[in-house]
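*Asks:* What follows is a single structure, and I will ask about it in a moment.
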Amino acid sequence: MSAARPGTPPGRAAALARSICEVPAPPFDEGRRASFVAELWRAAGLEPRIDAIGNVLADVPGGRGPRVVLAAHLDTVFEAGTDVTVREKGGRWYAPGLGDNSSSLGVLTATAEAIDAGALSQRPRLLLAATVGEEGLGDLRGAKALVADLRGEVDAFIAVDGHLGGVVHQGVGSVRFEARLSGPGGHSWGDYGTPSALHALGDVIHALTRMEVPRLPRSSVNVGVARGGTTVNAIAEEATCTVDLRSVDAEALKRLAADAERRMRSVARRHGVAVEVRRVGDRPAASGGNEALVVLAEQALRSVGVEPQRSASSTDANAAMAAGLPALCFGVYRGGDAHRAGEWIEPASLDEGMLALRELLAVLAQP
């Protein structure tokens, strides 16, 4: 089946994704890509603006029925200096961040161009958003600010992110901690017996792995980064780790966070070192109130020959779900190895994803 329609040449969404990907957007430094996307949207006939937190926003003229946010995040997980040049091999395109989330931004931008060309008359009233801070310690800051600003002014929120066929109907919440342990340090021989921040850190990690993590509701705990010490023959003065706790249930997540913090402080006291436990991330777990929207998304996918798959995940839609707004996350590309240097997409799949998104917008506009 050809996904091409008037106003959108085949491959246009992929070409836009490629150009967007090659503008770096490392964590907390999305400004260059935000400006680039704003220019693309301006060329598509919109009047974009960049809000105080860095989101790119554009109201789409026309449409009928509910007011719907279409949001795709700007940021990637890759640090500044990462080579984001897109390479082609065997029919696939490769680059860090090409799928997550340049492809979604490409589909969003191609949709705006199609509307400007008069090719998508059946649509709700739309607000396009390219958000900051979806990845890592960004803590959904762009989506949270957007939802707070729009409270009572929109009827639904669709995050465009992820693989074609994916419908994220439940938000996985997370709490992130940074634990910083410190002690007097010293020489490994001359000061032997002095408390070591690094030894304490090892015990902290062990204590966290001994937590009772429920299978239902599904939950998890992970120590993602650990650092400490200066040299092999020095007792470490300082050591740090970052901890990621997740659950689909808000109460389970609250209990996990309390247990983790208690364990970290208890270990530090036992070792005789100081500890600073700082909460560096708080993404709400949320679900419910979106069944009708989810069913429409599934219908749109099936109408273009794609079988939908419901799942729980952490996306910009979490912020809207937690605020009681009907929300979901809608995937629009085929690819793999997200968050890895070898990330890849099938470029033709973006035409399919765009067609599925158009079908969803069309049914949302129906009385």
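The chains in the structure tokens are called A, B, ... from first to last as shown; in each chain the residues are counted from 1, and the ligands are counted from 1 in the order shown.
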Enumerate the residues of stretch 81-275 of chain A with a DSSP assignment of helix (DSSP H, G or I), computed from the backbone, and present them as number ranges by chain.
*Replies:* A: 98-116, 136-138, 141-149, 197-209, 250-271
*Asks:* With only C-alpha atoms counted and 10 Å as the cut-off, give the residues of stretch 314-333 of chain A in contact with stretch 136-150 of chain A, each with its shortest interatomic distance in Å and the pair that gives it, as JSON lines.
*Replies:*
{"residue": "A:Ser314", "atom": "CA", "partner": "A:Leu140", "partner_atom": "CA", "distance": 9.3}
{"residue": "A:Thr315", "atom": "CA", "partner": "A:Leu140", "partner_atom": "CA", "distance": 7.8}
{"residue": "A:Asp316", "atom": "CA", "partner": "A:Ala143", "partner_atom": "CA", "distance": 5.6}
{"residue": "A:Ala317", "atom": "CA", "partner": "A:Ala143", "partner_atom": "CA", "distance": 7.7}
{"residue": "A:Asn318", "atom": "CA", "partner": "A:Leu140", "partner_atom": "CA", "distance": 8.4}
{"residue": "A:Ala319", "atom": "CA", "partner": "A:Lys144", "partner_atom": "CA", "distance": 5.4}
{"residue": "A:Ala320", "atom": "CA", "partner": "A:Val147", "partner_atom": "CA", "distance": 6.1}
{"residue": "A:Met321", "atom": "CA", "partner": "A:Val147", "partner_atom": "CA", "distance": 9.7}
{"residue": "A:Ala322", "atom": "CA", "partner": "A:Lys144", "partner_atom": "CA", "distance": 9.6}
{"residue": "A:Ala323", "atom": "CA", "partner": "A:Val147", "partner_atom": "CA", "distance": 7.6}
{"residue": "A:Leu325", "atom": "CA", "partner": "A:Val147", "partner_atom": "CA", "distance": 8.8}
*Asks:* Could you dump the residues just selected with N, CA and C atoms as a short mmCIF file (atom, residue, chain, number, x, y, z; two decimals), in the first residue's frame?
*Replies:*
data_model
loop_
_atom_site.label_atom_id
_atom_site.label_comp_id
_atom_site.auth_asym_id
_atom_site.auth_seq_id
_atom_site.Cartn_x
_atom_site.Cartn_y
_atom_site.Cartn_z
N SER A 314 7.40 5.20 29.86
CA SER A 314 7.58 6.55 30.37
C SER A 314 7.77 7.48 29.18
N THR A 315 6.80 8.36 28.94
CA THR A 315 6.83 9.28 27.81
C THR A 315 6.27 10.62 28.24
N ASP A 316 6.28 11.58 27.31
CA ASP A 316 5.68 12.87 27.61
C ASP A 316 4.21 12.75 28.00
N ALA A 317 3.55 11.69 27.55
CA ALA A 317 2.13 11.51 27.88
C ALA A 317 1.91 11.31 29.38
N ASN A 318 2.95 10.88 30.12
CA ASN A 318 2.80 10.72 31.58
C ASN A 318 2.26 11.99 32.23
N ALA A 319 2.82 13.13 31.81
CA ALA A 319 2.45 14.40 32.45
C ALA A 319 0.98 14.69 32.24
N ALA A 320 0.47 14.42 31.03
CA ALA A 320 -0.94 14.67 30.75
C ALA A 320 -1.83 13.67 31.47
N MET A 321 -1.45 12.38 31.47
CA MET A 321 -2.24 11.38 32.18
C MET A 321 -2.38 11.74 33.65
N ALA A 322 -1.28 12.16 34.26
CA ALA A 322 -1.29 12.48 35.69
C ALA A 322 -2.18 13.68 35.98
N ALA A 323 -2.35 14.55 34.99
CA ALA A 323 -3.21 15.72 35.16
C ALA A 323 -4.67 15.41 34.85
N LEU A 325 -5.84 14.30 31.92
CA LEU A 325 -6.16 14.59 30.54
C LEU A 325 -6.08 13.30 29.72
#
*Asks:* Got a sec: who's within 10 Å of stretch 333-341 of chain A, counting only C-alpha atoms, leaving out chain neighbours fewer than 2 positions off, as a PyMOL selection string?
*Replies:* chain A and resi 14+76-78+82-84+92-101+103-104+107+135+161-166+330-331+343-354
*Asks:* For the selection you just gave me, I'd like the residues written to a file as a tab-separated table (two decimals), in the first residue's frame, keeping N, CA and C atoms.
*Replies:*
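Resulting contents of out.tsv:
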chain	number	residue	atom	x	y	z
A	14	ALA	N	10.86	11.11	6.23
A	14	ALA	CA	12.19	10.58	6.52
A	14	ALA	C	13.27	11.63	6.24
A	76	THR	N	17.79	14.23	22.93
A	76	THR	CA	18.29	12.87	22.81
A	76	THR	C	19.04	12.51	24.09
A	77	VAL	N	19.47	11.26	24.18
A	77	VAL	CA	20.24	10.84	25.35
A	77	VAL	C	21.74	11.06	25.15
A	78	PHE	N	22.15	11.53	23.97
A	78	PHE	CA	23.57	11.56	23.61
A	78	PHE	C	24.22	12.90	23.97
A	82	THR	N	28.70	14.08	20.21
A	82	THR	CA	28.36	12.82	19.54
A	82	THR	C	28.16	13.07	18.04
A	83	ASP	N	28.73	12.20	17.23
A	83	ASP	CA	28.55	12.30	15.78
A	83	ASP	C	27.14	11.84	15.43
A	84	VAL	N	26.32	12.76	14.93
A	84	VAL	CA	24.93	12.43	14.61
A	84	VAL	C	24.69	12.43	13.10
A	92	ARG	N	18.67	0.62	5.38
A	92	ARG	CA	18.42	1.26	6.66
A	92	ARG	C	19.23	2.55	6.79
A	93	TRP	N	18.73	3.44	7.65
A	93	TRP	CA	19.47	4.65	8.00
A	93	TRP	C	19.90	4.53	9.46
A	94	TYR	N	21.14	4.95	9.72
A	94	TYR	CA	21.72	4.82	11.06
A	94	TYR	C	22.20	6.18	11.57
A	95	ALA	N	21.91	6.46	12.83
A	95	ALA	CA	22.48	7.62	13.53
A	95	ALA	C	21.95	7.64	14.96
A	96	PRO	N	22.74	8.10	15.91
A	96	PRO	CA	22.25	8.26	17.27
A	96	PRO	C	21.08	9.26	17.31
A	97	GLY	N	19.96	8.83	17.84
A	97	GLY	CA	18.80	9.71	17.97
A	97	GLY	C	17.94	9.81	16.74
A	98	LEU	N	18.24	9.04	15.70
A	98	LEU	CA	17.48	9.14	14.46
A	98	LEU	C	16.04	8.64	14.64
A	99	GLY	N	15.89	7.55	15.40
A	99	GLY	CA	14.53	7.10	15.69
A	99	GLY	C	13.93	7.89	16.83
A	100	ASP	N	14.61	7.91	17.94
A	100	ASP	CA	14.14	8.51	19.19
A	100	ASP	C	14.85	9.85	19.43
A	101	ASN	N	14.31	10.99	18.93
A	101	ASN	CA	12.94	11.07	18.49
A	101	ASN	C	12.84	11.90	17.21
A	103	SER	N	12.63	10.90	14.17
A	103	SER	CA	11.63	10.39	13.26
A	103	SER	C	10.24	10.93	13.59
A	104	SER	N	9.93	11.01	14.87
A	104	SER	CA	8.62	11.54	15.27
A	104	SER	C	8.51	13.02	14.93
A	107	VAL	N	7.81	13.23	11.23
A	107	VAL	CA	6.40	12.96	10.92
A	107	VAL	C	5.52	14.15	11.31
A	135	GLU	N	14.06	13.01	27.93
A	135	GLU	CA	15.01	11.94	28.22
A	135	GLU	C	15.71	12.12	29.57
A	161	ASP	N	5.95	9.26	19.53
A	161	ASP	CA	7.24	8.73	19.97
A	161	ASP	C	7.15	7.20	19.91
A	162	GLY	N	8.21	6.55	19.46
A	162	GLY	CA	8.25	5.10	19.53
A	162	GLY	C	7.94	4.41	18.23
A	163	HIS	N	7.91	3.08	18.31
A	163	HIS	CA	7.80	2.23	17.13
A	163	HIS	C	6.37	2.15	16.60
A	164	LEU	N	6.26	2.05	15.29
A	164	LEU	CA	4.97	1.98	14.61
A	164	LEU	C	4.15	0.80	15.15
A	165	GLY	N	2.93	1.09	15.51
A	165	GLY	CA	2.06	0.08	16.11
A	165	GLY	C	1.97	0.20	17.62
A	166	GLY	N	2.94	0.87	18.22
A	166	GLY	CA	2.94	1.01	19.67
A	166	GLY	C	1.94	2.06	20.13
A	330	PHE	N	1.94	7.52	20.70
A	330	PHE	CA	1.64	6.89	19.41
A	330	PHE	C	2.94	6.76	18.62
A	331	GLY	N	3.33	5.52	18.31
A	331	GLY	CA	4.58	5.28	17.59
A	331	GLY	C	4.40	5.41	16.08
A	343	GLU	N	21.76	3.20	16.50
A	343	GLU	CA	20.31	3.32	16.30
A	343	GLU	C	19.97	3.41	14.81
A	344	TRP	N	18.86	2.76	14.40
A	344	TRP	CA	18.52	2.72	12.98
A	344	TRP	C	17.02	2.81	12.78
A	345	ILE	N	16.65	3.20	11.55
A	345	ILE	CA	15.25	3.20	11.14
A	345	ILE	C	15.12	2.63	9.73
A	346	GLU	N	13.91	2.19	9.39
A	346	GLU	CA	13.54	1.92	8.01
A	346	GLU	C	12.87	3.18	7.49
A	347	PRO	N	13.53	3.94	6.63
A	347	PRO	CA	13.00	5.26	6.27
A	347	PRO	C	11.60	5.23	5.68
A	348	ALA	N	11.27	4.21	4.88
A	348	ALA	CA	9.94	4.15	4.27
A	348	ALA	C	8.84	4.00	5.31
A	349	SER	N	9.18	3.50	6.50
A	349	SER	CA	8.16	3.28	7.51
A	349	SER	C	7.56	4.58	8.02
A	350	LEU	N	8.27	5.69	7.87
A	350	LEU	CA	7.73	6.97	8.34
A	350	LEU	C	6.52	7.39	7.53
A	351	ASP	N	6.47	7.00	6.25
A	351	ASP	CA	5.27	7.26	5.45
A	351	ASP	C	4.07	6.50	6.03
A	352	GLU	N	4.31	5.25	6.46
A	352	GLU	CA	3.24	4.48	7.11
A	352	GLU	C	2.80	5.15	8.41
A	353	GLY	N	3.79	5.56	9.19
A	353	GLY	CA	3.47	6.20	10.46
A	353	GLY	C	2.68	7.48	10.28
A	354	MET	N	3.05	8.25	9.25
A	354	MET	CA	2.34	9.50	9.00
A	354	MET	C	0.91	9.22	8.57
*Asks:* So that I can check the secondary structure, give me every residue of stretch 141-319 of chain A assigned strand (DSSP E or B) by backbone DSSP, as a PyMOL selection string.
*Replies:* chain A and resi 156-160+163+166-171+173-182+186-187+219-228+234-235+238-247+274-283+286+309-313
*Asks:* To one decimal place in Å, what is the distance between atom CA of A:Leu328 and atom CA of A:Val154?
*Replies:* 14.1 Å
*Asks:* Counting only C-alpha atoms, which of A:Arg42, A:Ala130, A:Ala15, A:Ala110 gets nearest to A:Leu57?
*Replies:*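 Closest to A:Leu57 of all the choices is A:Ala130.
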*Asks:* Can you tell me which residues surround stretch 264-281 of chain A at a distance of at most 7 Å, considering only C-alpha atoms, apart from same-chain residues fewer than 3 positions away, and format the answer as a list in words?
*Replies:*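 Listed by chain and then number, they are Leu137, Asp139, Val175, Arg176, Phe177, Glu178, Ala179, Arg180, Leu181, Ser182, Gly183, Pro195, Ala197, Ala200, Asp203, Val204, Ala260 and Glu261 of chain A.
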*Asks:* Choose the residue, out of A:Gly202, A:Ala25, A:Gly106, A:Asn290, that has the smallest atom-to-atom separation from A:Gly11; count only C-alpha atoms.
*Replies:*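 Ranking A:Gly202, A:Ala25, A:Gly106, A:Asn290 by distance to A:Gly11, first place goes to A:Gly106.
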*Asks:* Quick one: residues within 12 Å of A:Glu113, only C-alpha atoms, excluding same-chain residues fewer than 4 positions away - as a short mmCIF file (atom, residue, chain, number, x, y, z; two decimals) with C-alpha atoms, in the first residue's frame?
*Replies:*
data_model
loop_
_atom_site.label_atom_id
_atom_site.label_comp_id
_atom_site.auth_asym_id
_atom_site.auth_seq_id
_atom_site.Cartn_x
_atom_site.Cartn_y
_atom_site.Cartn_z
CA ARG A 5 -1.03 11.46 -0.41
CA PRO A 6 -1.34 14.91 -2.00
CA GLY A 7 0.91 17.45 -0.28
CA THR A 8 3.34 14.85 1.08
CA PRO A 9 5.82 13.31 -1.36
CA ARG A 12 9.40 13.53 2.91
CA ALA A 13 8.96 12.61 6.58
CA LEU A 16 12.90 15.80 7.54
CA LEU A 40 10.70 24.23 9.52
CA TRP A 41 7.28 24.90 10.99
CA ARG A 42 7.40 28.52 9.86
CA ALA A 43 8.14 27.34 6.33
CA ALA A 44 5.07 25.09 6.65
CA GLY A 45 2.85 28.12 7.16
CA LEU A 46 2.70 28.10 10.96
CA VAL A 60 -2.51 24.93 13.49
CA GLY A 106 9.91 14.44 11.03
CA VAL A 107 6.40 12.96 10.92
CA LEU A 108 5.00 15.89 12.91
CA THR A 109 6.64 18.40 10.57
CA ALA A 117 -0.89 22.04 1.27
CA GLY A 118 -4.57 21.35 1.97
CA ALA A 119 -4.10 17.59 2.18
CA LEU A 120 -5.54 17.01 5.65
CA MET A 354 2.34 9.50 9.00
#
*Asks:* Of the candidates A:Gln122, A:Ser220, A:Thr242, A:Thr131, which one gets nearest to A:Gly65 if we count only C-alpha atoms?
*Replies:* A:Gln122
*Asks:* Quote the spacing between atom CA of A:Val306 and atom CA of A:Leu126 in Å to one decimal place.
*Replies:*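 Value for the atom CA of A:Val306-atom CA of A:Leu126 distance: 24.2 Å.
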